[in-house]
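Everything below concerns the one structure shown next.
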Amino acid sequence: MIKRILVGLVTLVVLLVIISFFLPSSYKVSRTAVIKAPVEKVFAEFNDFNSWAQWNTFDDEYTDIKYNTSNPSAGAGAKQSWTSKKGNGAMEITESVPNKQIKMTLRFEGFDDPMLGDFQFTPVAEGTQITCTDEG
């Protein structure tokens, strides 16, 4: 009986290893939403790390989080790092095209590769369409 269980576990591990070779080594996820506000206002909120505390739901899960924000806190080169019991990390705005696009790099403690973030802002009749893309 024990021999069958061990053979089953070894077989499962071997299958998982084989399957992992066929999985993609990178990811890319995009989401789009419309915010009922002019593009200038929406862009300004995303472009300044000091504004993120007002709308960022990340803090809901990390209630003990502490931020350190660079000066300047907005535009290309702005940086923000955080510490919490659940993990530490940092992000930097690498490109900022007013009212059109923001690119950023996020680094999480314990992960070698950064996550790349891209925010696209498009004026629409209802306000601003924003497309957020994360890849790594």
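Ordering of the structure tokens sets the chain letters (A, B, ...); residue numbers start at 1 within each chain; ligands are numbered from 1 in the order shown.
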Please run DSSP on the backbone and report, as a PyMOL selection string, all residues within chain A that come out as strand (DSSP E or B). chain A and resi 28-35+48+66-69+74+79-83+89-97+101-108+115-124+127-135
Excluding A:Ser70 and residues on its chain fewer than 2 positions from it, collect all residues at most 9 Å away from it, counting only C-alpha atoms, and give them as a PyMOL selection string. chain A and resi 49+68+72-74+77-81
Mind dumping the selected residues with C-alpha atoms as a PDB file, in the first residue's frame?
ATOM      1  CA  PHE A  49       2.780  58.647  -6.090  1.00  0.00           C
ATOM      2  CA  ASN A  68       8.835  56.151   1.245  1.00  0.00           C
ATOM      3  CA  PRO A  72       9.754  64.812  -6.853  1.00  0.00           C
ATOM      4  CA  SER A  73       6.938  62.304  -6.411  1.00  0.00           C
ATOM      5  CA  ALA A  74       5.561  62.650  -9.952  1.00  0.00           C
ATOM      6  CA  GLY A  77      12.150  59.184 -12.295  1.00  0.00           C
ATOM      7  CA  ALA A  78       9.681  59.349  -9.389  1.00  0.00           C
ATOM      8  CA  LYS A  79      10.125  56.431  -6.994  1.00  0.00           C
ATOM      9  CA  GLN A  80       8.189  54.870  -4.166  1.00  0.00           C
ATOM     10  CA  SER A  81       9.180  51.979  -1.923  1.00  0.00           C
TER      11      SER A  81
END
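Closest approach to A:Cys132 from the set A:Met1, A:Val29, A:Ala90, A:Leu16 is made by A:Val29, with distances taken over only C-alpha atoms.
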Give the alpha helix (DSSP H) residues of stretch 32-128 of chain A, as DSSP finds them on the backbone, and put them as a ChimeraX atom specification. /A:39-47,58-61
Can I get the selection written as a compact mmCIF listing (two decimals), in the first residue's frame, with C-alpha atoms?
# COMPACT_ATOMS: atom_id res chain seq x y z
CA VAL A 39 -8.05 62.72 -18.83
CA GLU A 40 -5.96 65.52 -17.25
CA LYS A 41 -7.33 64.74 -13.77
CA VAL A 42 -7.03 60.93 -14.11
CA PHE A 43 -3.51 61.17 -15.51
CA ALA A 44 -2.44 63.47 -12.64
CA GLU A 45 -3.68 60.94 -10.04
CA PHE A 46 -1.67 58.09 -11.60
CA ASN A 47 1.42 60.20 -12.33
CA PHE A 58 -3.24 47.59 -2.33
CA ASP A 59 -3.37 49.09 1.17
CA ASP A 60 -6.58 47.20 1.98
CA GLU A 61 -4.61 43.95 2.10
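Between A:Pro114 and the candidates A:Gly136, A:Pro24, A:Gly87, A:Gly127, the tightest atom-to-atom separation, counting only C-alpha atoms, involves A:Gly136.
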Distance query A:Gln101 at most 10 Å, only C-alpha atoms, self and fewer than 2 positions along chain excluded, as an MDAnalysis selection string: chainID A and resid 43 46:47 95:99 103 118:122 130:132
Take the residues just selected and output them with N, CA, C and O atoms as an mmCIF file, in the first residue's frame.
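Final output, again.cif:
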data_model
loop_
_atom_site.group_PDB
_atom_site.id
_atom_site.type_symbol
_atom_site.label_atom_id
_atom_site.label_comp_id
_atom_site.auth_asym_id
_atom_site.auth_seq_id
_atom_site.Cartn_x
_atom_site.Cartn_y
_atom_site.Cartn_z
ATOM 1 N N PHE A 43 -4.946 61.302 -15.297
ATOM 2 C CA PHE A 43 -3.506 61.168 -15.505
ATOM 3 C C PHE A 43 -2.732 61.698 -14.293
ATOM 4 O O PHE A 43 -1.792 61.064 -13.819
ATOM 5 N N PHE A 46 -2.561 59.229 -11.371
ATOM 6 C CA PHE A 46 -1.669 58.087 -11.595
ATOM 7 C C PHE A 46 -0.210 58.515 -11.646
ATOM 8 O O PHE A 46 0.679 57.750 -11.297
ATOM 9 N N ASN A 47 0.059 59.729 -12.093
ATOM 10 C CA ASN A 47 1.416 60.202 -12.332
ATOM 11 C C ASN A 47 2.130 60.655 -11.056
ATOM 12 O O ASN A 47 3.332 60.845 -11.060
ATOM 13 N N GLU A 95 8.667 56.278 -17.616
ATOM 14 C CA GLU A 95 8.276 57.130 -18.741
ATOM 15 C C GLU A 95 6.924 57.744 -18.420
ATOM 16 O O GLU A 95 6.028 57.076 -17.904
ATOM 17 N N SER A 96 6.779 59.036 -18.725
ATOM 18 C CA SER A 96 5.536 59.743 -18.458
ATOM 19 C C SER A 96 5.245 60.691 -19.613
ATOM 20 O O SER A 96 5.959 61.683 -19.795
ATOM 21 N N VAL A 97 4.228 60.375 -20.404
ATOM 22 C CA VAL A 97 3.799 61.217 -21.516
ATOM 23 C C VAL A 97 2.478 61.845 -21.100
ATOM 24 O O VAL A 97 1.471 61.133 -20.991
ATOM 25 N N PRO A 98 2.463 63.155 -20.808
ATOM 26 C CA PRO A 98 1.275 63.799 -20.238
ATOM 27 C C PRO A 98 -0.033 63.434 -20.946
ATOM 28 O O PRO A 98 -0.148 63.537 -22.176
ATOM 29 N N ASN A 99 -0.985 62.976 -20.115
ATOM 30 C CA ASN A 99 -2.352 62.651 -20.538
ATOM 31 C C ASN A 99 -2.439 61.503 -21.547
ATOM 32 O O ASN A 99 -3.495 61.280 -22.129
ATOM 33 N N LYS A 103 4.675 54.565 -17.903
ATOM 34 C CA LYS A 103 5.316 53.254 -17.790
ATOM 35 C C LYS A 103 6.059 53.210 -16.476
ATOM 36 O O LYS A 103 6.636 54.211 -16.046
ATOM 37 N N ASP A 118 2.176 49.418 -17.500
ATOM 38 C CA ASP A 118 1.911 50.386 -18.554
ATOM 39 C C ASP A 118 0.472 50.871 -18.410
ATOM 40 O O ASP A 118 -0.450 50.051 -18.360
ATOM 41 N N PHE A 119 0.283 52.181 -18.305
ATOM 42 C CA PHE A 119 -1.043 52.777 -18.221
ATOM 43 C C PHE A 119 -1.257 53.636 -19.457
ATOM 44 O O PHE A 119 -0.463 54.532 -19.725
ATOM 45 N N GLN A 120 -2.325 53.353 -20.193
ATOM 46 C CA GLN A 120 -2.687 54.128 -21.378
ATOM 47 C C GLN A 120 -3.956 54.915 -21.060
ATOM 48 O O GLN A 120 -4.932 54.338 -20.566
ATOM 49 N N PHE A 121 -3.970 56.208 -21.358
ATOM 50 C CA PHE A 121 -5.102 57.082 -21.072
ATOM 51 C C PHE A 121 -5.694 57.585 -22.383
ATOM 52 O O PHE A 121 -4.980 58.162 -23.195
ATOM 53 N N THR A 122 -7.000 57.382 -22.563
ATOM 54 C CA THR A 122 -7.676 57.796 -23.782
ATOM 55 C C THR A 122 -8.952 58.551 -23.430
ATOM 56 O O THR A 122 -9.808 57.995 -22.736
ATOM 57 N N ILE A 130 -8.928 54.011 -19.364
ATOM 58 C CA ILE A 130 -7.575 53.675 -18.939
ATOM 59 C C ILE A 130 -7.353 52.183 -19.151
ATOM 60 O O ILE A 130 -8.206 51.365 -18.782
ATOM 61 N N THR A 131 -6.245 51.857 -19.775
ATOM 62 C CA THR A 131 -5.871 50.456 -19.973
ATOM 63 C C THR A 131 -4.588 50.215 -19.193
ATOM 64 O O THR A 131 -3.571 50.870 -19.421
ATOM 65 N N CYS A 132 -4.665 49.292 -18.243
ATOM 66 C CA CYS A 132 -3.515 48.931 -17.404
ATOM 67 C C CYS A 132 -2.986 47.585 -17.872
ATOM 68 O O CYS A 132 -3.754 46.627 -17.959
#
Just give me the gap between atom CA of A:Glu109 and atom CA of A:Asn50 in Å, one decimal is fine. 21.9 Å
Could you state the separation of atom CA of A:Ala53 and atom CA of A:Ala125 in Å, given to one decimal place?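 The value is 27.4 Å.
Distance annotation: of A:Ala76, A:Leu12, A:Ala37, A:Val124, the residue with the minimal separation from A:Thr105 is A:Ala76; atom set is only C-alpha atoms.
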Calculate how many Å separate atom CA of A:Gly75 from atom CA of A:Ile93, rounding to one decimal.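 Interatomic distance here is 6.4 Å.
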For stretch 83-86 of chain A, find every residue with an atom within 7 Å (counting only C-alpha atoms), except residues of its own chain fewer than 2 positions away, and show them as a PDB file with N, CA, C and O atoms, in the first residue's frame.
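around_8.pdb, freshly written:
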ATOM      1  N   TYR A  62      -2.656  45.166   2.810  1.00  0.00           N
ATOM      2  CA  TYR A  62      -1.413  45.394   3.554  1.00  0.00           C
ATOM      3  C   TYR A  62      -1.640  46.551   4.533  1.00  0.00           C
ATOM      4  O   TYR A  62      -1.170  47.668   4.316  1.00  0.00           O
ATOM      5  N   ASP A  64      -0.473  47.345   7.422  1.00  0.00           N
ATOM      6  CA  ASP A  64       0.666  47.908   8.157  1.00  0.00           C
ATOM      7  C   ASP A  64       1.693  48.557   7.228  1.00  0.00           C
ATOM      8  O   ASP A  64       2.788  48.905   7.664  1.00  0.00           O
ATOM      9  N   ILE A  65       1.339  48.777   5.987  1.00  0.00           N
ATOM     10  CA  ILE A  65       2.282  49.249   4.979  1.00  0.00           C
ATOM     11  C   ILE A  65       2.795  50.657   5.296  1.00  0.00           C
ATOM     12  O   ILE A  65       2.061  51.506   5.789  1.00  0.00           O
ATOM     13  N   LYS A  66       4.081  50.855   5.037  1.00  0.00           N
ATOM     14  CA  LYS A  66       4.739  52.156   5.208  1.00  0.00           C
ATOM     15  C   LYS A  66       5.421  52.504   3.888  1.00  0.00           C
ATOM     16  O   LYS A  66       6.143  51.683   3.320  1.00  0.00           O
ATOM     17  N   TYR A  67       5.190  53.734   3.412  1.00  0.00           N
ATOM     18  CA  TYR A  67       5.727  54.179   2.130  1.00  0.00           C
ATOM     19  C   TYR A  67       6.869  55.168   2.320  1.00  0.00           C
ATOM     20  O   TYR A  67       6.879  55.946   3.269  1.00  0.00           O
ATOM     21  N   ASN A  88       8.024  43.549   0.938  1.00  0.00           N
ATOM     22  CA  ASN A  88       8.577  44.857   0.607  1.00  0.00           C
ATOM     23  C   ASN A  88       8.724  44.976  -0.899  1.00  0.00           C
ATOM     24  O   ASN A  88       8.815  43.972  -1.610  1.00  0.00           O
ATOM     25  N   GLY A  89       8.799  46.210  -1.368  1.00  0.00           N
ATOM     26  CA  GLY A  89       8.973  46.409  -2.791  1.00  0.00           C
ATOM     27  C   GLY A  89       9.224  47.860  -3.125  1.00  0.00           C
ATOM     28  O   GLY A  89       9.306  48.720  -2.250  1.00  0.00           O
TER      29      GLY A  89
END
Residue nearest A:Pro123 among A:Lys100, A:Trp52, A:Gly8, A:Lys28 (counting only C-alpha atoms):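 Answer, going by the shortest atom-to-atom distance: A:Lys100.
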